[in-house]
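Read through the structure below, which is laid out as structure tokens, and then see the notes.
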Amino acid sequence: MIEFHNVFKRYETGHEALKGVNLALDSGEMAFLTGHSGAGKSTLLKLIAVMERPTRGQVIIDGANVGRAKNRQIPHIRRKIGMIFQDHRLLADRTVFDNVALPLVIGGLSQRDINSRVRAALDKVGLLNKEKMMPITLSGGEQQRVGIARAVVNKPPLLLADEPTGNLDPELSAEILKLFEQFSQVGVSVLVATHDLALIARMHYRTMTLRDGRMINTGLEE
Amino acid sequence: MSRTGATASQAGFFSRLGMAMKLHRQNFSGSLRGLFGQPTSSLMTITVLAISLALPATFHVLLKNGKAVSQGWNQGVEIALFLRPEISDSRAEALTRTLQLRSEVAATRLVSKEDALQEFKSRSGFGDAMDFLDENPLPAMILVTPTRAHSSPDSARALIATLAKEREVDVAQLDLEWVRRFQALLQLGDKLALALGLILAGGVVLIIGNTIRLAILNRRPEIEIVKLVGATDAFIRRPFLYTGFWYGALAGLVCWLLVTLLVFWLGGPVSRLAGLYQSSFRLDGLAMVESLWLVGAAILLGLLGAWISVSRHLKAIQPQ
Ligand SMILES: Nc1ncnc2c1ncn2[C@@H]1O[C@H](COP(=O)(O)OP(=O)(O)OP(=O)(O)O)[C@@H](O)[C@H]1O
Ligand SMILES: [Mg+2]
């Protein structure tokens, strides 16, 4: 599903965020990505969603080198990816419902399909009663869950989550991770970046570790 | 990947079409509401655009009327052929008949030596003085009116050159020079109008582009988010194109109104002036087709400005 071959990412500032990263993630596999703050976790996820391009090396999704994708192909790559952002990235002037509906509207679904799918996604994250509210009137954890609902609403084959439980209490965190688990069981690949080590310890999933941009543990050999 | 990759196409074609049309409608009226949301600044922009468009449009109307006026002058064109003094009246009559047969000639009129003298006497006031002359000093003259097709300065000039070659003709005259000059001036005006039109069209594109740029900057976070969840450039461009469309359309309409008011305002004095010259000339405003052209061109410029502006900003948020 996802393969990194000797990937380097140097930002314009000259900072090298990733240094020779290799990894492989299968379809339907769920894995965690950990590392200290600034280790390069978000950068790695951004390379998959083509929000950044690798300086060197190959980022391959489904056999296609997305690092070299043409700009007009990027939207179609992103539609296959549900991304949960560390900073939520919600539309401030739209309701919760509209925010979650966005990927479906872009995909051109009918209003009826949109209604039922959005409600189903909101139900999964426990926000069905807040669909008419504006994001700013929600708590940090609720905003995060709106982002999660938006990421899963069009049932993408790949789910990337950047610190999805950062603002959630342990109980809610466990629930969200169970949701991810369900997705992986129906064939969705899930990659979760987090420094919530307690959470990881409880889950027994493959865990990759980044340090200063280097993959020091791909979580394969125990 | 293929398992869920086809979700978008699962919706039937017609419901997708319905959705797309609904989206279009929302964008379309939404962008108009956007304009009315900030009435003063939108109104100012539209006024500036309308004035920019009104300059070349007014120029065009003036030129059109100038051409109509000078067209009228051509119809009164008469060529005067002064015959050699020794030509007899009968030869003059024969020549008149021959000329009448030419295809370029609409009418001929012979003014014999005697007629010329009579006319001179009655008009000049030297009547009595002429009686003292032994001989009539005036030559016979043939007045030739070219057909409408041969009344333009160039063809009239060609005709005069041919007629001057007739053996009986001494001098051929046509007072067309000033008409030619006026028409050359009109041609220059055409070029000027075109240049002015192009420059101001460029200005309109820039103004609309800049207005849209501000709208884009306002909504930049939103654009980034929508792109992140997989929107194509076309999807993002659409509402801004509608905004450009509305700016263009409204500016075109206001411009039409300005020009029409101007023509209406000038119409009275122009008719009065024309009346002094025994002319029934009336100032002509923008015709239906021209009005449609004007609004259509304004819309196109609006779309172009929006397109350029959005494309530039979309490029700026592409991944590095
Ligand atoms: N757009 C950018 N321009 C320049 N440097 C950047 C940019 N984004 C990230 N970096 C740098 O790259 C390094 C890795 O950043 P990244 O966001 O991937 O870290 P992270 O592992 O997600 O950290 P955190 O756990 O705090 O979110 C950091 O040192 C950061 O300063
Ligand atoms: Mg991060």
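The chains in the structure tokens are called A, B, ... from first to last as shown; in each chain the residues are counted from 1, and the ligands are counted from 1 in the order shown.
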Residues of chain A at most 10 Å from ligand 1: nearest atom pair and distance in Å, only C-alpha atoms and all ligand atoms, as JSON lines:
{"residue": "A:Lys9", "atom": "CA", "partner": "ligand 1", "partner_atom_place_in_ligand_line": "12 (O)", "distance": 8.7}
{"residue": "A:Arg10", "atom": "CA", "partner": "ligand 1", "partner_atom_place_in_ligand_line": "5 (N)", "distance": 7.9}
{"residue": "A:Tyr11", "atom": "CA", "partner": "ligand 1", "partner_atom_place_in_ligand_line": "4 (C)", "distance": 4.8}
{"residue": "A:Glu12", "atom": "CA", "partner": "ligand 1", "partner_atom_place_in_ligand_line": "4 (C)", "distance": 6.1}
{"residue": "A:Thr13", "atom": "CA", "partner": "ligand 1", "partner_atom_place_in_ligand_line": "4 (C)", "distance": 5.3}
{"residue": "A:Gly14", "atom": "CA", "partner": "ligand 1", "partner_atom_place_in_ligand_line": "4 (C)", "distance": 7.5}
{"residue": "A:His15", "atom": "CA", "partner": "ligand 1", "partner_atom_place_in_ligand_line": "5 (N)", "distance": 5.8}
{"residue": "A:Glu16", "atom": "CA", "partner": "ligand 1", "partner_atom_place_in_ligand_line": "12 (O)", "distance": 6.7}
{"residue": "A:Ala17", "atom": "CA", "partner": "ligand 1", "partner_atom_place_in_ligand_line": "12 (O)", "distance": 4.4}
{"residue": "A:Leu18", "atom": "CA", "partner": "ligand 1", "partner_atom_place_in_ligand_line": "14 (C)", "distance": 7.6}
{"residue": "A:Leu33", "atom": "CA", "partner": "ligand 1", "partner_atom_place_in_ligand_line": "21 (O)", "distance": 9.2}
{"residue": "A:Thr34", "atom": "CA", "partner": "ligand 1", "partner_atom_place_in_ligand_line": "21 (O)", "distance": 7.8}
{"residue": "A:Gly35", "atom": "CA", "partner": "ligand 1", "partner_atom_place_in_ligand_line": "21 (O)", "distance": 6.3}
{"residue": "A:His36", "atom": "CA", "partner": "ligand 1", "partner_atom_place_in_ligand_line": "25 (O)", "distance": 6.0}
{"residue": "A:Ser37", "atom": "CA", "partner": "ligand 1", "partner_atom_place_in_ligand_line": "25 (O)", "distance": 3.6}
{"residue": "A:Gly38", "atom": "CA", "partner": "ligand 1", "partner_atom_place_in_ligand_line": "19 (O)", "distance": 3.4}
{"residue": "A:Ala39", "atom": "CA", "partner": "ligand 1", "partner_atom_place_in_ligand_line": "21 (O)", "distance": 3.9}
{"residue": "A:Gly40", "atom": "CA", "partner": "ligand 1", "partner_atom_place_in_ligand_line": "18 (O)", "distance": 3.1}
{"residue": "A:Lys41", "atom": "CA", "partner": "ligand 1", "partner_atom_place_in_ligand_line": "21 (O)", "distance": 3.7}
{"residue": "A:Ser42", "atom": "CA", "partner": "ligand 1", "partner_atom_place_in_ligand_line": "22 (O)", "distance": 3.6}
{"residue": "A:Thr43", "atom": "CA", "partner": "ligand 1", "partner_atom_place_in_ligand_line": "18 (O)", "distance": 3.7}
{"residue": "A:Leu44", "atom": "CA", "partner": "ligand 1", "partner_atom_place_in_ligand_line": "18 (O)", "distance": 6.5}
{"residue": "A:Leu45", "atom": "CA", "partner": "ligand 1", "partner_atom_place_in_ligand_line": "18 (O)", "distance": 8.1}
{"residue": "A:Lys46", "atom": "CA", "partner": "ligand 1", "partner_atom_place_in_ligand_line": "18 (O)", "distance": 8.3}
{"residue": "A:Leu47", "atom": "CA", "partner": "ligand 1", "partner_atom_place_in_ligand_line": "18 (O)", "distance": 9.9}
{"residue": "A:Glu52", "atom": "CA", "partner": "ligand 1", "partner_atom_place_in_ligand_line": "1 (N)", "distance": 8.6}
{"residue": "A:Gln86", "atom": "CA", "partner": "ligand 1", "partner_atom_place_in_ligand_line": "27 (O)", "distance": 7.2}
{"residue": "A:Asp87", "atom": "CA", "partner": "ligand 1", "partner_atom_place_in_ligand_line": "27 (O)", "distance": 9.6}
{"residue": "A:Asp162", "atom": "CA", "partner": "ligand 1", "partner_atom_place_in_ligand_line": "22 (O)", "distance": 7.7}
{"residue": "A:Glu163", "atom": "CA", "partner": "ligand 1", "partner_atom_place_in_ligand_line": "27 (O)", "distance": 7.6}
{"residue": "A:Ala193", "atom": "CA", "partner": "ligand 1", "partner_atom_place_in_ligand_line": "22 (O)", "distance": 7.8}
{"residue": "A:Thr194", "atom": "CA", "partner": "ligand 1", "partner_atom_place_in_ligand_line": "25 (O)", "distance": 7.1}
{"residue": "A:His195", "atom": "CA", "partner": "ligand 1", "partner_atom_place_in_ligand_line": "25 (O)", "distance": 6.8}
{"residue": "A:Leu210", "atom": "CA", "partner": "ligand 1", "partner_atom_place_in_ligand_line": "21 (O)", "distance": 7.8}
{"residue": "A:Arg211", "atom": "CA", "partner": "ligand 1", "partner_atom_place_in_ligand_line": "21 (O)", "distance": 8.5}
{"residue": "A:Asp212", "atom": "CA", "partner": "ligand 1", "partner_atom_place_in_ligand_line": "14 (C)", "distance": 7.8}
{"residue": "A:Gly213", "atom": "CA", "partner": "ligand 1", "partner_atom_place_in_ligand_line": "14 (C)", "distance": 7.2}
Using only C-alpha atoms, what table do you get, as a tab-separated table, when you list each residue of chain A with an atom no more than 7 Å from chain B, its nearest pair of atoms, and their distance in Å rounded to one decimal, rows by chain then rising number?
residue	atom	partner	partner_atom	distance
A:Val50	CA	B:Pro319	CA	6.7
A:Met51	CA	B:Pro319	CA	5.2
A:Glu52	CA	B:Pro319	CA	4.8
A:Arg53	CA	B:Gln320	CA	5.6
A:Pro75	CA	B:Gly230	CA	4.2
A:His76	CA	B:Gly230	CA	6.3
A:Arg78	CA	B:Gly230	CA	4.9
A:Arg79	CA	B:Gly230	CA	4.9
A:Lys80	CA	B:Gly5	CA	6.5
A:Arg89	CA	B:Ile225	CA	6.3
A:Leu91	CA	B:Glu222	CA	6.0
A:Pro103	CA	B:Val229	CA	5.9
A:Ile106	CA	B:Ala231	CA	5.8
A:Gly107	CA	B:Ala8	CA	5.5
A:Gly108	CA	B:Arg16	CA	5.6
A:Leu109	CA	B:Arg16	CA	5.8
A:Ser110	CA	B:Ser15	CA	5.4
A:Gln111	CA	B:Met19	CA	6.9
A:Lys155	CA	B:Thr4	CA	6.4
A:Pro156	CA	B:Thr4	CA	6.3
A:Pro157	CA	B:Met1	CA	5.5
TODO: From the DSSP assignment of the backbone, select every residue of chain A that is strand (DSSP E), and format the answer as a PyMOL selection string.
DONE: chain A and resi 2-10+16-25+30-35+56-61+64-65+81-84+158-162+189-193+206-211+214-217
Open item on the list: Give me, as number ranges by chain, the residues of stretch 84-249 of chain B that a backbone DSSP run labels helix (DSSP H, G or I).
Closed with: B: 89-101, 113-124, 127-130, 148-150, 153-164, 177-218, 220-228, 233-249
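Minimum atom-to-atom distances from A:Val192, A:Glu29, A:Ile114, A:Asn154 to ligand 2 were compared using only C-alpha atoms and all ligand atoms, and the lowest value belongs to A:Val192.
For the pair atom CA of B:Leu214 and atom CA of B:Ala306, the interatomic distance is 11.1 Å.
Proximity ranking of A:Glu131, A:His88, A:Glu3, A:Gly67 relative to ligand 2 places A:His88 first, based on only C-alpha atoms and all ligand atoms.
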Open item on the list: Given only C-alpha atoms and all ligand atoms as the basis, pick out the residue of A:Pro164, A:Gly219, A:Gly57, A:Gly141 nearest to ligand 2.
Closed with: A:Pro164
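By chain and then residue number, the residues within 7 Å of B:Ala116 are Val111, Leu138 and Ala140 of chain B, counting only C-alpha atoms and disregarding those fewer than 5 positions away in sequence.
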Task: Shell around B:Glu114 at 12 Å using only C-alpha atoms, local window under 5 positions removed, as a PyMOL selection string - done: chain B and resi 88-89+119-121+135-141
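Between B:Glu93 and the residues B:Ile208, B:Gln118, B:Pro39, B:Glu168, the shortest atom-to-atom distance, using only C-alpha atoms, involves B:Glu168.
Between atom CA of A:Phe97 and atom CA of B:Arg237 the interatomic distance comes to 23.1 Å.
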Taking 4 positions as the minimum chain separation for residues in the same chain, which residues sit within 8 Å of stretch 53-66 of chain B when counting only C-alpha atoms? Answer as an mmCIF file with all heavy atoms, in the first residue's frame.
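Okay, this is what ended up in out.cif:
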data_model
loop_
_atom_site.group_PDB
_atom_site.id
_atom_site.type_symbol
_atom_site.label_atom_id
_atom_site.label_comp_id
_atom_site.auth_asym_id
_atom_site.auth_seq_id
_atom_site.Cartn_x
_atom_site.Cartn_y
_atom_site.Cartn_z
ATOM 1 N N LEU B 49 -15.108 49.802 -13.069
ATOM 2 C CA LEU B 49 -15.103 48.936 -14.246
ATOM 3 C C LEU B 49 -15.996 49.523 -15.339
ATOM 4 O O LEU B 49 -15.620 49.572 -16.511
ATOM 5 C CB LEU B 49 -15.626 47.545 -13.869
ATOM 6 C CG LEU B 49 -14.730 46.701 -12.956
ATOM 7 C CD1 LEU B 49 -15.468 45.457 -12.504
ATOM 8 C CD2 LEU B 49 -13.450 46.331 -13.678
ATOM 9 N N SER B 70 -20.904 61.257 -42.435
ATOM 10 C CA SER B 70 -20.110 61.425 -43.650
ATOM 11 C C SER B 70 -20.672 60.569 -44.780
ATOM 12 O O SER B 70 -20.505 60.875 -45.950
ATOM 13 C CB SER B 70 -18.650 61.079 -43.387
ATOM 14 O OG SER B 70 -18.523 59.714 -43.121
ATOM 15 N N LEU B 186 -11.627 59.620 -39.368
ATOM 16 C CA LEU B 186 -12.453 58.571 -38.776
ATOM 17 C C LEU B 186 -11.687 57.256 -38.694
ATOM 18 O O LEU B 186 -11.801 56.515 -37.735
ATOM 19 C CB LEU B 186 -13.730 58.375 -39.592
ATOM 20 C CG LEU B 186 -14.803 59.445 -39.427
ATOM 21 C CD1 LEU B 186 -16.000 59.126 -40.298
ATOM 22 C CD2 LEU B 186 -15.238 59.569 -37.977
ATOM 23 N N GLY B 189 -9.541 57.404 -35.959
ATOM 24 C CA GLY B 189 -10.381 57.215 -34.776
ATOM 25 C C GLY B 189 -10.628 55.740 -34.511
ATOM 26 O O GLY B 189 -10.583 55.287 -33.364
ATOM 27 N N ASP B 190 -10.864 54.971 -35.579
ATOM 28 C CA ASP B 190 -11.067 53.522 -35.435
ATOM 29 C C ASP B 190 -9.885 52.889 -34.731
ATOM 30 O O ASP B 190 -10.038 52.127 -33.787
ATOM 31 C CB ASP B 190 -11.216 52.885 -36.820
ATOM 32 C CG ASP B 190 -12.678 52.753 -37.202
ATOM 33 O OD1 ASP B 190 -13.512 52.798 -36.279
ATOM 34 O OD2 ASP B 190 -12.971 52.601 -38.402
ATOM 35 N N ALA B 193 -9.721 53.955 -31.164
ATOM 36 C CA ALA B 193 -10.740 53.285 -30.360
ATOM 37 C C ALA B 193 -10.292 51.872 -30.026
ATOM 38 O O ALA B 193 -10.463 51.394 -28.901
ATOM 39 C CB ALA B 193 -12.072 53.247 -31.103
ATOM 40 N N LEU B 194 -9.667 51.222 -31.014
ATOM 41 C CA LEU B 194 -9.203 49.855 -30.796
ATOM 42 C C LEU B 194 -8.115 49.833 -29.714
ATOM 43 O O LEU B 194 -8.168 49.034 -28.777
ATOM 44 C CB LEU B 194 -8.663 49.273 -32.104
ATOM 45 C CG LEU B 194 -8.266 47.805 -32.040
ATOM 46 C CD1 LEU B 194 -9.502 46.945 -31.846
ATOM 47 C CD2 LEU B 194 -7.526 47.392 -33.311
ATOM 48 N N LEU B 196 -7.487 52.107 -27.441
ATOM 49 C CA LEU B 196 -8.092 52.494 -26.164
ATOM 50 C C LEU B 196 -8.856 51.317 -25.578
ATOM 51 O O LEU B 196 -8.757 51.005 -24.383
ATOM 52 C CB LEU B 196 -9.047 53.663 -26.420
ATOM 53 C CG LEU B 196 -9.470 54.476 -25.218
ATOM 54 C CD1 LEU B 196 -8.301 55.257 -24.689
ATOM 55 C CD2 LEU B 196 -10.611 55.409 -25.595
ATOM 56 N N GLY B 197 -9.600 50.627 -26.450
ATOM 57 C CA GLY B 197 -10.381 49.468 -26.009
ATOM 58 C C GLY B 197 -9.486 48.403 -25.421
ATOM 59 O O GLY B 197 -9.771 47.858 -24.357
ATOM 60 N N LEU B 200 -7.950 49.561 -22.033
ATOM 61 C CA LEU B 200 -8.907 49.568 -20.935
ATOM 62 C C LEU B 200 -9.427 48.169 -20.629
ATOM 63 O O LEU B 200 -9.735 47.860 -19.477
ATOM 64 C CB LEU B 200 -10.039 50.546 -21.238
ATOM 65 C CG LEU B 200 -9.528 51.979 -21.120
ATOM 66 C CD1 LEU B 200 -10.466 52.966 -21.769
ATOM 67 C CD2 LEU B 200 -9.301 52.361 -19.660
ATOM 68 N N ALA B 201 -9.486 47.310 -21.664
ATOM 69 C CA ALA B 201 -9.865 45.915 -21.398
ATOM 70 C C ALA B 201 -8.815 45.278 -20.490
ATOM 71 O O ALA B 201 -9.156 44.573 -19.532
ATOM 72 C CB ALA B 201 -9.979 45.140 -22.706
ATOM 73 N N VAL B 204 -9.497 46.457 -17.094
ATOM 74 C CA VAL B 204 -10.644 45.775 -16.484
ATOM 75 C C VAL B 204 -10.214 44.405 -15.950
ATOM 76 O O VAL B 204 -10.558 44.023 -14.826
ATOM 77 C CB VAL B 204 -11.795 45.629 -17.512
ATOM 78 C CG1 VAL B 204 -12.838 44.644 -17.028
ATOM 79 C CG2 VAL B 204 -12.432 46.985 -17.766
ATOM 80 N N ALA B 251 -20.881 45.351 -14.449
ATOM 81 C CA ALA B 251 -20.136 46.483 -15.003
ATOM 82 C C ALA B 251 -20.599 46.760 -16.432
ATOM 83 O O ALA B 251 -20.778 47.919 -16.820
ATOM 84 C CB ALA B 251 -18.640 46.199 -14.980
ATOM 85 N N GLY B 252 -20.835 45.700 -17.212
ATOM 86 C CA GLY B 252 -21.314 45.867 -18.589
ATOM 87 C C GLY B 252 -22.661 46.579 -18.615
ATOM 88 O O GLY B 252 -22.884 47.494 -19.407
ATOM 89 N N CYS B 255 -22.267 50.203 -17.591
ATOM 90 C CA CYS B 255 -21.632 50.914 -18.704
ATOM 91 C C CYS B 255 -22.661 51.210 -19.781
ATOM 92 O O CYS B 255 -22.725 52.319 -20.310
ATOM 93 C CB CYS B 255 -20.502 50.061 -19.265
ATOM 94 S SG CYS B 255 -19.922 50.629 -20.862
ATOM 95 N N TRP B 256 -23.494 50.221 -20.079
ATOM 96 C CA TRP B 256 -24.541 50.418 -21.090
ATOM 97 C C TRP B 256 -25.440 51.582 -20.681
ATOM 98 O O TRP B 256 -25.787 52.446 -21.478
ATOM 99 C CB TRP B 256 -25.354 49.135 -21.228
ATOM 100 C CG TRP B 256 -26.465 49.245 -22.222
ATOM 101 C CD1 TRP B 256 -26.376 49.039 -23.567
ATOM 102 C CD2 TRP B 256 -27.815 49.616 -21.951
ATOM 103 N NE1 TRP B 256 -27.589 49.253 -24.155
ATOM 104 C CE2 TRP B 256 -28.501 49.613 -23.191
ATOM 105 C CE3 TRP B 256 -28.517 49.956 -20.802
ATOM 106 C CZ2 TRP B 256 -29.841 49.931 -23.295
ATOM 107 C CZ3 TRP B 256 -29.852 50.276 -20.912
ATOM 108 C CH2 TRP B 256 -30.503 50.262 -22.141
ATOM 109 N N LEU B 258 -24.677 54.080 -18.696
ATOM 110 C CA LEU B 258 -23.937 55.343 -18.793
ATOM 111 C C LEU B 258 -23.949 55.866 -20.229
ATOM 112 O O LEU B 258 -24.254 57.031 -20.482
ATOM 113 C CB LEU B 258 -22.488 55.144 -18.335
ATOM 114 C CG LEU B 258 -22.223 55.004 -16.831
ATOM 115 C CD1 LEU B 258 -20.746 54.762 -16.576
ATOM 116 C CD2 LEU B 258 -22.688 56.259 -16.109
ATOM 117 N N VAL B 259 -23.626 54.967 -21.168
ATOM 118 C CA VAL B 259 -23.543 55.388 -22.570
ATOM 119 C C VAL B 259 -24.912 55.808 -23.077
ATOM 120 O O VAL B 259 -25.058 56.829 -23.768
ATOM 121 C CB VAL B 259 -22.958 54.249 -23.439
ATOM 122 C CG1 VAL B 259 -23.001 54.621 -24.908
ATOM 123 C CG2 VAL B 259 -21.538 53.935 -23.005
ATOM 124 N N LEU B 283 -28.546 61.498 -33.259
ATOM 125 C CA LEU B 283 -27.485 60.718 -32.620
ATOM 126 C C LEU B 283 -28.012 59.310 -32.332
ATOM 127 O O LEU B 283 -29.076 59.123 -31.781
ATOM 128 C CB LEU B 283 -27.087 61.404 -31.317
ATOM 129 C CG LEU B 283 -25.709 61.071 -30.761
ATOM 130 C CD1 LEU B 283 -24.626 61.378 -31.772
ATOM 131 C CD2 LEU B 283 -25.472 61.843 -29.470
ATOM 132 N N ASP B 284 -27.194 58.335 -32.728
ATOM 133 C CA ASP B 284 -27.584 56.943 -32.609
ATOM 134 C C ASP B 284 -26.890 56.331 -31.393
ATOM 135 O O ASP B 284 -25.684 56.468 -31.251
ATOM 136 C CB ASP B 284 -27.125 56.224 -33.876
ATOM 137 C CG ASP B 284 -28.143 55.210 -34.320
ATOM 138 O OD1 ASP B 284 -29.184 55.117 -33.663
ATOM 139 O OD2 ASP B 284 -27.889 54.528 -35.328
ATOM 140 N N GLY B 285 -27.634 55.670 -30.526
ATOM 141 C CA GLY B 285 -27.031 55.026 -29.351
ATOM 142 C C GLY B 285 -26.527 53.633 -29.680
ATOM 143 O O GLY B 285 -26.268 53.307 -30.840
ATOM 144 N N LEU B 286 -26.350 52.805 -28.630
ATOM 145 C CA LEU B 286 -25.894 51.434 -28.842
ATOM 146 C C LEU B 286 -27.056 50.586 -29.352
ATOM 147 O O LEU B 286 -28.127 50.577 -28.758
ATOM 148 C CB LEU B 286 -25.387 50.850 -27.521
ATOM 149 C CG LEU B 286 -24.040 51.384 -27.041
ATOM 150 C CD1 LEU B 286 -23.815 50.999 -25.592
ATOM 151 C CD2 LEU B 286 -22.919 50.867 -27.912
ATOM 152 N N LEU B 294 -21.218 44.388 -25.827
ATOM 153 C CA LEU B 294 -20.611 45.107 -24.708
ATOM 154 C C LEU B 294 -20.688 44.272 -23.434
ATOM 155 O O LEU B 294 -19.666 44.019 -22.773
ATOM 156 C CB LEU B 294 -21.339 46.447 -24.510
ATOM 157 C CG LEU B 294 -20.937 47.255 -23.281
ATOM 158 C CD1 LEU B 294 -19.518 47.749 -23.439
ATOM 159 C CD2 LEU B 294 -21.882 48.426 -23.078
ATOM 160 N N ALA B 298 -17.664 42.313 -21.484
ATOM 161 C CA ALA B 298 -17.395 42.604 -20.070
ATOM 162 C C ALA B 298 -17.375 41.317 -19.257
ATOM 163 O O ALA B 298 -16.513 41.115 -18.396
ATOM 164 C CB ALA B 298 -18.457 43.560 -19.522
#
Open item on the list: Using only C-alpha atoms, which protein or nucleic acid residues come within 10 Å of B:Leu159? Drop anything in the same chain fewer than 3 positions from it, and give the result as a PyMOL selection string.
Closed with: chain B and resi 79+104-105+146+150-151+153-156+162-164
Would you mind exporting all heavy atoms of the selected residues as a short mmCIF file (atom, residue, chain, number, x, y, z; two decimals), in the first residue's frame?
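selection.cif, freshly written:
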data_model
loop_
_atom_site.label_atom_id
_atom_site.label_comp_id
_atom_site.auth_asym_id
_atom_site.auth_seq_id
_atom_site.Cartn_x
_atom_site.Cartn_y
_atom_site.Cartn_z
N ILE B 79 -20.07 65.63 -59.77
CA ILE B 79 -18.83 65.96 -60.47
C ILE B 79 -19.18 67.01 -61.53
O ILE B 79 -20.14 66.85 -62.27
CB ILE B 79 -18.24 64.71 -61.14
CG1 ILE B 79 -17.85 63.69 -60.08
CG2 ILE B 79 -17.05 65.09 -62.01
CD1 ILE B 79 -17.52 62.34 -60.65
N GLU B 104 -21.41 53.73 -63.90
CA GLU B 104 -21.09 54.42 -62.64
C GLU B 104 -21.97 55.64 -62.43
O GLU B 104 -22.00 56.21 -61.34
CB GLU B 104 -19.63 54.90 -62.61
CG GLU B 104 -18.58 53.87 -62.90
CD GLU B 104 -18.13 53.94 -64.35
OE1 GLU B 104 -19.02 53.94 -65.23
OE2 GLU B 104 -16.92 53.98 -64.61
N VAL B 105 -22.67 56.06 -63.51
CA VAL B 105 -23.35 57.34 -63.46
C VAL B 105 -24.84 57.17 -63.19
O VAL B 105 -25.50 56.35 -63.81
CB VAL B 105 -23.15 58.09 -64.80
CG1 VAL B 105 -23.96 59.38 -64.82
CG2 VAL B 105 -21.67 58.39 -64.99
N PRO B 146 -22.66 60.45 -59.54
CA PRO B 146 -22.32 59.01 -59.56
C PRO B 146 -23.39 58.20 -58.86
O PRO B 146 -24.14 58.73 -58.04
CB PRO B 146 -21.00 58.92 -58.79
CG PRO B 146 -20.58 60.31 -58.50
CD PRO B 146 -21.77 61.20 -58.64
N HIS B 150 -20.66 54.33 -56.37
CA HIS B 150 -19.44 55.04 -56.79
C HIS B 150 -19.32 56.41 -56.16
O HIS B 150 -18.65 57.28 -56.67
CB HIS B 150 -19.42 55.15 -58.32
CG HIS B 150 -19.12 53.84 -58.97
ND1 HIS B 150 -20.11 52.92 -59.23
CD2 HIS B 150 -17.95 53.27 -59.35
CE1 HIS B 150 -19.57 51.84 -59.76
NE2 HIS B 150 -18.26 52.02 -59.84
N SER B 151 -19.97 56.56 -55.00
CA SER B 151 -19.95 57.87 -54.36
C SER B 151 -18.87 58.02 -53.31
O SER B 151 -18.63 59.11 -52.81
CB SER B 151 -21.31 58.14 -53.70
OG SER B 151 -22.27 58.34 -54.70
N PRO B 153 -15.30 58.52 -51.67
CA PRO B 153 -14.24 59.40 -52.17
C PRO B 153 -13.32 58.70 -53.16
O PRO B 153 -12.99 59.27 -54.21
CB PRO B 153 -13.50 59.79 -50.91
CG PRO B 153 -14.49 59.68 -49.83
CD PRO B 153 -15.42 58.58 -50.22
N ASP B 154 -12.94 57.48 -52.89
CA ASP B 154 -11.97 56.81 -53.75
C ASP B 154 -12.54 56.51 -55.14
O ASP B 154 -11.92 56.79 -56.15
CB ASP B 154 -11.49 55.51 -53.10
CG ASP B 154 -10.48 55.81 -52.00
OD1 ASP B 154 -9.82 56.87 -52.11
OD2 ASP B 154 -10.39 55.02 -51.06
N SER B 155 -13.76 55.96 -55.16
CA SER B 155 -14.30 55.60 -56.47
C SER B 155 -14.73 56.85 -57.24
O SER B 155 -14.63 56.89 -58.48
CB SER B 155 -15.44 54.59 -56.35
OG SER B 155 -16.27 54.91 -55.27
N ALA B 156 -15.20 57.88 -56.51
CA ALA B 156 -15.54 59.12 -57.19
C ALA B 156 -14.30 59.71 -57.84
O ALA B 156 -14.33 60.23 -58.96
CB ALA B 156 -16.15 60.11 -56.20
N THR B 162 -11.33 59.20 -65.10
CA THR B 162 -11.76 58.68 -66.41
C THR B 162 -12.47 59.76 -67.22
O THR B 162 -12.22 59.94 -68.42
CB THR B 162 -12.76 57.50 -66.24
OG1 THR B 162 -12.78 57.11 -64.88
CG2 THR B 162 -12.41 56.35 -67.14
N LEU B 163 -13.36 60.46 -66.53
CA LEU B 163 -14.16 61.47 -67.23
C LEU B 163 -13.28 62.61 -67.76
O LEU B 163 -13.54 63.15 -68.82
CB LEU B 163 -15.25 62.03 -66.31
CG LEU B 163 -16.29 61.00 -65.85
CD1 LEU B 163 -17.35 61.66 -64.99
CD2 LEU B 163 -16.92 60.29 -67.03
N ALA B 164 -12.24 62.91 -67.01
CA ALA B 164 -11.36 64.02 -67.41
C ALA B 164 -10.65 63.68 -68.73
O ALA B 164 -10.18 64.57 -69.44
CB ALA B 164 -10.33 64.29 -66.31
#
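Reported to one decimal place, the separation of atom CA of A:Phe183 from atom CA of A:Asp62 is 18.1 Å.
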Open item on the list: Neighbouring residues of B:Arg109 were defined as those with any atom within 8 Å, considering only C-alpha atoms; residues of the same chain fewer than 5 positions away were excluded. Please report them as a list in words.
Closed with: Thr96, Ile142, Leu143 and Val144 of chain B
